[in-house]
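Report on the following structure.
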Amino acid sequence: DAGVIQSPRHEVTEMGQEVTLRCKPISGHDYLFWYRQTMMRGLELLIYFNNNVPIDDSGMPEDRFSAKMPNASFSTLKIQPSEPRDSAVYFCASSWTGAKNTGELFFGEGSRLTVL
Amino acid sequence: RKEVEQDPGPFNVPEGATVAFNCTYSNSASQSFFWYRQDCRKEPKLLMSVYSSGNEDGRFTAQLNRASQYISLLIRDSKLSDSATYLCVLTHQTGANNLFFGTGTRLTVIP
């Protein structure tokens, strides 16, 4: 079975440009999470969805960040305008209600973003 | 103060050694605890849950001390393949799956 699929794997862009990261969760999973990882701050939860509805977006750094989940098989994380401090690896992860006590999230391979 | 604090390491140990990592957490209401493993430039993966009574999975032993607010991971008989970053993880509610991660402890096992 396919795991969580993220695209692009790598993106280099210039400050001020719009960045869109994409995620396809594992089929049948009803939770989707967006995390950001940097050396200094580690993995930070940005936002998560349950059944396509945003549940907690308190980790979204500022209004430049937005996330959507139009259906159960697709989510986007958008940064507009991007800044150098947004450079990080962005991970998408999915899980399902039956696994809530297991602590197991299934992560994609990540999108490595560099903003120049 | 960070929610989860870990010694970043690196820990460099010879094959066959025993190594232990600790992690402290600031929110006393934290409910569930886990260890994740992340290989270099890869995604994190669940290693094991941490139970109050302590639990073992092969060469790995996890312990939780709620009174002192720390958890630990012990690896016995280290293998080269154990080289990775180990992430301390917790949730705020029982059954919650929005996880909070530490910055990780890097382990290198040397031949």
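Chain labels A, B, ... are given in the sequence in which chains occur in the structure tokens; within each chain residues are numbered consecutively from 1, and ligands are likewise numbered from 1 in the order shown.
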Find the nearest atom pair between each residue of chain B and chain A for residues within 12 Å, count only C-alpha atoms, give distances in Å to one decimal, sort rows by chain and ascending number, and present the table as CSV.
residue,atom,partner,partner_atom,distance
B:Arg1,CA,A:Arg41,CA,11.8
B:Lys2,CA,A:Arg41,CA,9.1
B:Glu3,CA,A:Glu44,CA,10.9
B:Val4,CA,A:Gly42,CA,10.2
B:Glu5,CA,A:Gly42,CA,10.6
B:Gln6,CA,A:Gly42,CA,10.6
B:Pro8,CA,A:Met39,CA,10.1
B:Gln31,CA,A:Asn101,CA,10.6
B:Ser32,CA,A:Gly103,CA,8.0
B:Phe33,CA,A:Gly103,CA,7.9
B:Phe34,CA,A:Gly103,CA,6.7
B:Trp35,CA,A:Gly103,CA,9.3
B:Tyr36,CA,A:Glu104,CA,9.1
B:Arg37,CA,A:Glu104,CA,11.8
B:Gln38,CA,A:Phe107,CA,10.7
B:Asp39,CA,A:Glu109,CA,11.2
B:Cys40,CA,A:Glu109,CA,11.4
B:Arg41,CA,A:Glu109,CA,8.5
B:Lys42,CA,A:Glu109,CA,6.2
B:Glu43,CA,A:Glu109,CA,5.3
B:Pro44,CA,A:Phe107,CA,6.7
B:Lys45,CA,A:Phe106,CA,7.2
B:Leu46,CA,A:Glu104,CA,5.9
B:Leu47,CA,A:Glu104,CA,9.1
B:Met48,CA,A:Gly103,CA,8.6
B:Ser49,CA,A:Gly103,CA,7.1
B:Val50,CA,A:Gly103,CA,10.0
B:Tyr51,CA,A:Thr102,CA,11.3
B:Thr85,CA,A:Gly42,CA,11.2
B:Tyr86,CA,A:Gly42,CA,11.6
B:Leu87,CA,A:Gly42,CA,9.3
B:Cys88,CA,A:Leu43,CA,10.7
B:Val89,CA,A:Gly103,CA,8.7
B:Leu90,CA,A:Gly103,CA,8.4
B:Thr91,CA,A:Gly103,CA,8.4
B:His92,CA,A:Gly103,CA,11.8
B:Gln93,CA,A:Asn101,CA,9.9
B:Thr94,CA,A:Asn101,CA,7.1
B:Gly95,CA,A:Asn101,CA,4.5
B:Ala96,CA,A:Lys100,CA,5.8
B:Asn97,CA,A:Lys100,CA,5.3
B:Asn98,CA,A:Tyr48,CA,7.5
B:Leu99,CA,A:Gly103,CA,7.5
B:Phe100,CA,A:Leu45,CA,7.0
B:Phe101,CA,A:Leu43,CA,5.8
B:Gly102,CA,A:Gly42,CA,6.5
B:Thr103,CA,A:Gly42,CA,4.2
B:Gly104,CA,A:Gly42,CA,7.4
B:Thr105,CA,A:Gly42,CA,10.8
B:Arg106,CA,A:Met39,CA,11.8
For the residues in that selection, give me N, CA and C atoms as a compact mmCIF listing (two decimals), in the first residue's frame.
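Wrote it out as part.txt, contents follow:
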# COMPACT_ATOMS: atom_id res chain seq x y z
N ARG B 1 9.86 28.13 27.95
CA ARG B 1 10.43 26.80 28.18
C ARG B 1 9.83 25.82 27.19
N LYS B 2 10.68 25.01 26.58
CA LYS B 2 10.19 24.03 25.62
C LYS B 2 9.36 22.98 26.34
N GLU B 3 8.37 22.47 25.62
CA GLU B 3 7.49 21.47 26.22
C GLU B 3 8.22 20.16 26.48
N VAL B 4 9.11 19.81 25.60
CA VAL B 4 9.87 18.57 25.72
C VAL B 4 11.35 18.90 25.54
N GLU B 5 12.16 18.51 26.50
CA GLU B 5 13.58 18.82 26.46
C GLU B 5 14.39 17.53 26.33
N GLN B 6 15.31 17.53 25.38
CA GLN B 6 16.19 16.39 25.21
C GLN B 6 17.62 16.87 25.05
N PRO B 8 20.65 16.98 22.98
CA PRO B 8 20.79 16.71 21.55
C PRO B 8 21.89 15.74 21.18
N GLN B 31 -0.22 13.16 28.98
CA GLN B 31 -0.87 11.89 29.25
C GLN B 31 -0.14 10.67 28.69
N SER B 32 0.21 10.74 27.43
CA SER B 32 0.78 9.56 26.77
C SER B 32 2.14 9.91 26.22
N PHE B 33 3.01 8.89 26.18
CA PHE B 33 4.40 9.14 25.85
C PHE B 33 4.91 8.07 24.88
N PHE B 34 5.80 8.50 23.99
CA PHE B 34 6.29 7.59 22.97
C PHE B 34 7.73 7.95 22.64
N TRP B 35 8.42 7.01 22.04
CA TRP B 35 9.72 7.28 21.41
C TRP B 35 9.57 7.03 19.92
N TYR B 36 10.06 8.00 19.15
CA TYR B 36 10.13 7.86 17.71
C TYR B 36 11.60 7.81 17.32
N ARG B 37 11.85 7.22 16.16
CA ARG B 37 13.18 7.16 15.61
C ARG B 37 13.17 7.85 14.25
N GLN B 38 14.22 8.63 13.99
CA GLN B 38 14.33 9.30 12.69
C GLN B 38 15.73 9.11 12.14
N ASP B 39 15.81 8.42 11.04
CA ASP B 39 17.08 8.26 10.35
C ASP B 39 17.41 9.55 9.59
N CYS B 40 18.69 9.71 9.28
CA CYS B 40 19.15 10.95 8.63
C CYS B 40 18.38 11.21 7.34
N ARG B 41 17.79 12.37 7.24
CA ARG B 41 17.05 12.81 6.05
C ARG B 41 15.85 11.92 5.72
N LYS B 42 15.31 11.27 6.75
CA LYS B 42 14.13 10.45 6.57
C LYS B 42 13.02 10.96 7.47
N GLU B 43 11.85 10.33 7.35
CA GLU B 43 10.74 10.72 8.18
C GLU B 43 10.79 10.01 9.53
N PRO B 44 10.18 10.60 10.57
CA PRO B 44 10.12 9.92 11.87
C PRO B 44 9.21 8.69 11.80
N LYS B 45 9.57 7.69 12.61
CA LYS B 45 8.74 6.49 12.71
C LYS B 45 8.62 6.08 14.17
N LEU B 46 7.45 5.59 14.53
CA LEU B 46 7.21 5.17 15.91
C LEU B 46 8.13 4.02 16.28
N LEU B 47 8.84 4.17 17.39
CA LEU B 47 9.69 3.10 17.92
C LEU B 47 8.92 2.30 18.96
N MET B 48 8.39 2.99 19.96
CA MET B 48 7.64 2.29 21.00
C MET B 48 6.88 3.28 21.86
N SER B 49 5.83 2.77 22.48
CA SER B 49 5.10 3.54 23.48
C SER B 49 5.83 3.43 24.82
N VAL B 50 5.50 4.32 25.74
CA VAL B 50 6.10 4.30 27.07
C VAL B 50 4.98 4.17 28.08
N TYR B 51 5.01 3.12 28.87
CA TYR B 51 3.97 2.88 29.86
C TYR B 51 4.50 3.18 31.25
N THR B 85 18.38 9.45 15.11
CA THR B 85 17.96 10.43 16.10
C THR B 85 16.72 9.90 16.78
N TYR B 86 16.71 9.94 18.10
CA TYR B 86 15.59 9.41 18.88
C TYR B 86 14.79 10.59 19.44
N LEU B 87 13.51 10.59 19.13
CA LEU B 87 12.63 11.71 19.47
C LEU B 87 11.69 11.32 20.59
N CYS B 88 11.66 12.15 21.60
CA CYS B 88 10.75 11.97 22.73
C CYS B 88 9.43 12.65 22.36
N VAL B 89 8.31 11.98 22.57
CA VAL B 89 7.02 12.45 22.07
C VAL B 89 5.94 12.31 23.14
N LEU B 90 5.02 13.25 23.20
CA LEU B 90 3.94 13.14 24.16
C LEU B 90 2.64 13.70 23.60
N THR B 91 1.55 13.37 24.27
CA THR B 91 0.26 13.97 23.97
C THR B 91 -0.28 14.61 25.25
N HIS B 92 -1.25 15.51 25.07
CA HIS B 92 -1.83 16.18 26.23
C HIS B 92 -3.07 15.49 26.77
N GLN B 93 -3.62 14.61 25.92
CA GLN B 93 -4.84 13.94 26.33
C GLN B 93 -4.74 12.47 26.00
N THR B 94 -5.32 11.67 26.85
CA THR B 94 -5.38 10.24 26.57
C THR B 94 -6.16 10.03 25.28
N GLY B 95 -5.57 9.25 24.39
CA GLY B 95 -6.25 8.97 23.14
C GLY B 95 -6.07 10.03 22.08
N ALA B 96 -5.41 11.14 22.44
CA ALA B 96 -5.16 12.17 21.43
C ALA B 96 -4.04 11.70 20.50
N ASN B 97 -4.12 12.12 19.27
CA ASN B 97 -3.04 11.76 18.35
C ASN B 97 -2.34 12.97 17.78
N ASN B 98 -2.59 14.18 18.34
CA ASN B 98 -1.76 15.32 17.97
C ASN B 98 -0.54 15.28 18.89
N LEU B 99 0.58 14.94 18.31
CA LEU B 99 1.78 14.64 19.06
C LEU B 99 2.70 15.84 19.15
N PHE B 100 3.39 15.96 20.30
CA PHE B 100 4.36 17.00 20.52
C PHE B 100 5.74 16.34 20.64
N PHE B 101 6.68 16.81 19.83
CA PHE B 101 7.97 16.16 19.70
C PHE B 101 9.09 16.97 20.37
N GLY B 102 10.04 16.26 20.96
CA GLY B 102 11.29 16.88 21.36
C GLY B 102 12.17 17.06 20.14
N THR B 103 13.30 17.75 20.33
CA THR B 103 14.19 18.01 19.21
C THR B 103 15.08 16.82 18.87
N GLY B 104 15.09 15.84 19.74
CA GLY B 104 15.80 14.60 19.42
C GLY B 104 17.19 14.50 19.99
N THR B 105 17.61 13.25 20.19
CA THR B 105 18.96 12.92 20.63
C THR B 105 19.60 12.07 19.55
N ARG B 106 20.75 12.51 19.10
CA ARG B 106 21.40 11.79 18.01
C ARG B 106 22.35 10.73 18.56
Can you tell me, as a PyMOL selection string, what residues are no more than 8 Å from Arg64 (chain A) when counting only C-alpha atoms, ignoring any on the same chain fewer than 6 positions away? chain A and resi 78-82
Which of chain B counts as strand (DSSP E or B) under DSSP, as a PyMOL selection string please? chain B and resi 4-6+11-14+19-25+32-38+44-50+55-57+60-65+70-75+84-91+100-101+105-110
Could you turn the residues from that selection into a file that holds C-alpha atoms, as a compact mmCIF listing (two decimals), in the first residue's frame?
# COMPACT_ATOMS: atom_id res chain seq x y z
CA VAL B 4 9.87 18.57 25.72
CA GLU B 5 13.58 18.82 26.46
CA GLN B 6 16.19 16.39 25.21
CA PHE B 11 26.08 10.12 21.67
CA ASN B 12 28.89 8.11 20.08
CA VAL B 13 29.04 4.58 21.44
CA PRO B 14 30.80 1.38 20.36
CA VAL B 19 23.19 3.67 26.04
CA ALA B 20 20.41 5.61 27.75
CA PHE B 21 18.60 8.80 26.81
CA ASN B 22 16.45 10.93 29.04
CA CYS B 23 13.78 13.41 28.17
CA THR B 24 11.96 15.84 30.46
CA TYR B 25 8.59 17.44 29.91
CA SER B 32 0.78 9.56 26.77
CA PHE B 33 4.40 9.14 25.85
CA PHE B 34 6.29 7.59 22.97
CA TRP B 35 9.72 7.28 21.41
CA TYR B 36 10.13 7.86 17.71
CA ARG B 37 13.18 7.16 15.61
CA GLN B 38 14.33 9.30 12.69
CA PRO B 44 10.12 9.92 11.87
CA LYS B 45 8.74 6.49 12.71
CA LEU B 46 7.21 5.17 15.91
CA LEU B 47 9.69 3.10 17.92
CA MET B 48 7.64 2.29 21.00
CA SER B 49 5.10 3.54 23.48
CA VAL B 50 6.10 4.30 27.07
CA ASN B 55 8.07 -1.66 29.00
CA GLU B 56 10.54 -3.58 26.94
CA ASP B 57 10.74 -4.40 23.25
CA PHE B 60 14.86 -1.41 23.97
CA THR B 61 13.45 -0.47 27.37
CA ALA B 62 11.33 2.60 28.04
CA GLN B 63 10.54 4.06 31.44
CA LEU B 64 8.23 6.83 32.63
CA ASN B 65 8.61 8.78 35.87
CA TYR B 70 10.89 12.43 32.62
CA ILE B 71 10.99 9.44 30.34
CA SER B 72 13.94 7.35 29.35
CA LEU B 73 15.02 4.99 26.62
CA LEU B 74 17.65 2.32 27.18
CA ILE B 75 19.26 0.49 24.29
CA ALA B 84 19.60 7.54 14.30
CA THR B 85 17.96 10.43 16.10
CA TYR B 86 15.59 9.41 18.88
CA LEU B 87 12.63 11.71 19.47
CA CYS B 88 10.75 11.97 22.73
CA VAL B 89 7.02 12.45 22.07
CA LEU B 90 3.94 13.14 24.16
CA THR B 91 0.26 13.97 23.97
CA PHE B 100 4.36 17.00 20.52
CA PHE B 101 7.97 16.16 19.70
CA THR B 105 18.96 12.92 20.63
CA ARG B 106 21.40 11.79 18.01
CA LEU B 107 23.04 8.39 18.43
CA THR B 108 25.96 7.07 16.41
CA VAL B 109 27.06 3.49 16.99
CA ILE B 110 30.68 3.00 16.02
Which is closest to Cys23 (chain A) among A:Leu77, A:Val53, A:Ala2, A:Met60, if we use only C-alpha atoms?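 With only C-alpha atoms as the atom set, the closest residue is A:Leu77.
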I want to know what sits within 8 Å of Thr114 (chain A), based on only C-alpha atoms, with residues of the same chain fewer than 5 positions away left out; could you give that as a list of chain:residue names?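 After dropping sequence-adjacent residues, the list is A:Glu11, A:Val12, A:Thr13, A:Pro84, A:Asp86, A:Ser87, A:Ala88.
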Keeping N, CA and C atoms for every residue in the selection just given, could you write it to a file as a PDB file, in the first residue's frame?
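out-v6.pdb, freshly written:
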ATOM      1  N   GLU A  11      12.133  22.111  -2.794  1.00  0.00           N
ATOM      2  CA  GLU A  11      11.772  23.341  -3.480  1.00  0.00           C
ATOM      3  C   GLU A  11      12.709  24.444  -3.022  1.00  0.00           C
ATOM      4  N   VAL A  12      13.244  25.146  -3.998  1.00  0.00           N
ATOM      5  CA  VAL A  12      14.058  26.325  -3.732  1.00  0.00           C
ATOM      6  C   VAL A  12      13.352  27.498  -4.376  1.00  0.00           C
ATOM      7  N   THR A  13      13.113  28.520  -3.606  1.00  0.00           N
ATOM      8  CA  THR A  13      12.375  29.661  -4.122  1.00  0.00           C
ATOM      9  C   THR A  13      12.970  30.944  -3.557  1.00  0.00           C
ATOM     10  N   PRO A  84      12.888  33.793   4.159  1.00  0.00           N
ATOM     11  CA  PRO A  84      14.003  32.866   4.427  1.00  0.00           C
ATOM     12  C   PRO A  84      13.808  32.042   5.697  1.00  0.00           C
ATOM     13  N   ASP A  86      11.306  30.651   6.743  1.00  0.00           N
ATOM     14  CA  ASP A  86      10.394  29.535   6.503  1.00  0.00           C
ATOM     15  C   ASP A  86      11.133  28.287   6.011  1.00  0.00           C
ATOM     16  N   SER A  87      12.404  28.426   5.746  1.00  0.00           N
ATOM     17  CA  SER A  87      13.196  27.292   5.267  1.00  0.00           C
ATOM     18  C   SER A  87      13.183  26.188   6.318  1.00  0.00           C
ATOM     19  N   ALA A  88      12.775  25.002   5.907  1.00  0.00           N
ATOM     20  CA  ALA A  88      12.590  23.886   6.836  1.00  0.00           C
ATOM     21  C   ALA A  88      12.185  22.667   6.030  1.00  0.00           C
TER      22      ALA A  88
END
